[in-house]
Each structure stands twice: as structure tokens, then as C-alpha cells.
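Worksheet for the structure shown next.
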Amino acid sequence: MRITKNFIEKAVLGCMAICKGSIEDTPEFLKSLFHFHISIGRISKIINELARRAKVFNDSISLKCIQVGAHDEIFQADQAVLVGVEPNSTYIYLCDGSKTRDSTVWGYSLLDKQVTGLNIELSVMMVEPDL
């Protein structure tokens with residue numbers, strides 16, 4: 001089997017995204033299966049480049065058809081992430097890390113998406129029932 005740059009990129013992405021491997025697990029995976037050595041720095045460079053290309057693609061998607069938005073915050077490594085989802089399709093149109101979760105930050109995040117056509121007519125949210 002010939003190991004190409006394209007193959008390595010796919011293997012790194014697959015190991016990390018599909019198999020939920022860590023950046024430390026990926027070199028072991030490639031070494032065990034393909035006798036191929038790769039540094040953690042190279043893996044980081046591959047993941048950062050794939051993330052950059054994904055952002056370019058995501059930013060090119062028109063959001064004009066989204067009329068209803070569901071908004072909430074999730075947390076990743078103690079950092080807030082503002083999330084916007086179209087409830088019928090579950091398409092995620094907003095996923096922004098943020099230090100704060102106030103209305104100003106939400107406003108800027110949603111206004112930023114208007115550049116690609118987001119014009120929500122109805123915003124829904126889940127309210128936790130009183131116990």
C-alpha cells in the first residue's frame with residue numbers, strides 16, 4: 001500500500017473524529033497499522049488545516065432558508081459555546097466559543113451570521129420546568 005499525503009490526512013481525521021482518538025492516540029494508530037511514524041506537531045498541523053478548510057466551506061453556505069432557530073449554550077473544557085440549530089433539520093448554523101454568554105455576545109454572533117443570509121423569524125428555547 002502506498003501512503004500518500006491525502007491518505008494520511010484522511011487517516012488522521014478518521015482516527016480523531018470517527019474513532020474519537022486523541023492527538024496522542026493517532027501516532028500509535030498509524031504506527032501500529034501502517035508502520036508509519038508521524039509527530040504530534042504534524043497531526044496538529046493537519047487538523048488545523050482541515051479545520052480552516054471546513055470553516056471556509058461552512059462560511060460559504062447560505063443561511064437564507066433558515067426561518068426558525070433554537071439557541072442555547074454548551075460547554076467544552078469549561079468554555080461556553082454559543083449554538084444555533086435549525087430544529088427541523090438539526091443543521092447547526094452557529095457554534096462560537098465565547099468567554100461570556102450575555103445578550104451582547106449573542107447579538108454579535110447572530111448578526112455575524114446575517115452576512116450569509118441568516119434572518120430568523122422565530123427563535124425557540126427550552127425552558128426547564130420548575131420542580
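Ligands are numbered from 1 in the order shown, chains are lettered A, B, ... in the order of the C-alpha cells, and residues start at 1 in each chain.
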
*Which parts of chain A does DSSP call helix (DSSP H, G or I) when run on the backbone here, written out as a PyMOL selection string?*
chain A and resi 5-18+25-34+40-59+103-116

*Extract, using only C-alpha atoms, all DNA, RNA and protein residues at most 8 Å from Glu86 (chain A), discarding same-chain residues fewer than 6 positions from it, and format them as a list in words.*
Ile66, Gln67, Val68, Gly69, Ala70, Ile92 and Tyr93 of chain A

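Among the candidate residues A:Leu82, A:Tyr91, A:Ser103, A:Ile23, the one lying nearest to Ile38 (chain A) is A:Ile23, with distances computed using only C-alpha atoms.
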
_Shell of 12 Å around Val115 (chain A), only C-alpha atoms, local chain residues under 4 positions omitted, as JSON, numbers by chain_ = {"A": [59, 60, 61, 62, 63, 64, 108, 109, 110, 111, 119]}

*May I ask for the distance between CA of Asp102 (chain A) and CA of Glu73 (chain A), given in Å to one decimal place?*
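About the pair CA of Asp102 (chain A) and CA of Glu73 (chain A): they are 10.7 Å apart.
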
*Pick from A:Glu9, A:Val83, A:Asp78, A:Asp112 nearest to Asn48 (chain A), counting only C-alpha atoms*: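 Looking at the shortest contact to Asn48 (chain A), the residue is A:Glu9.
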
*Counting only C-alpha atoms, figure out which residue out of A:Met125, A:Ser32, A:Ile46, A:Ser39 gets nearest to Ile8 (chain A).*
A:Ile46

*asked:* What's the separation between CA of Asn88 (chain A) and CA of Gly117 (chain A), in Å to one decimal place?
replied: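 Going from CA of Asn88 (chain A) over to CA of Gly117 (chain A), I get 18.2 Å.
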
*asked:* Need the shell around Trp106 (chain A): protein/DNA/RNA residues with any atom at most 12 Å away, counting only C-alpha atoms. Skip same-chain ones fewer than 5 positions apart. Format as a ChimeraX atom specification?
replied: /A:71-73,80-84,94-101,111-113

*asked:* I'd like to know which residues of region 13-97 of chain A are strand (DSSP E or B) (by DSSP, run on the backbone); could you write them as a count of residues only?
replied: 24

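Take the candidates A:Leu50, A:Ile40, A:Asn58, A:Ser22 and check each one against Lys10 (chain A) using only C-alpha atoms; the shortest distance goes to A:Leu50.
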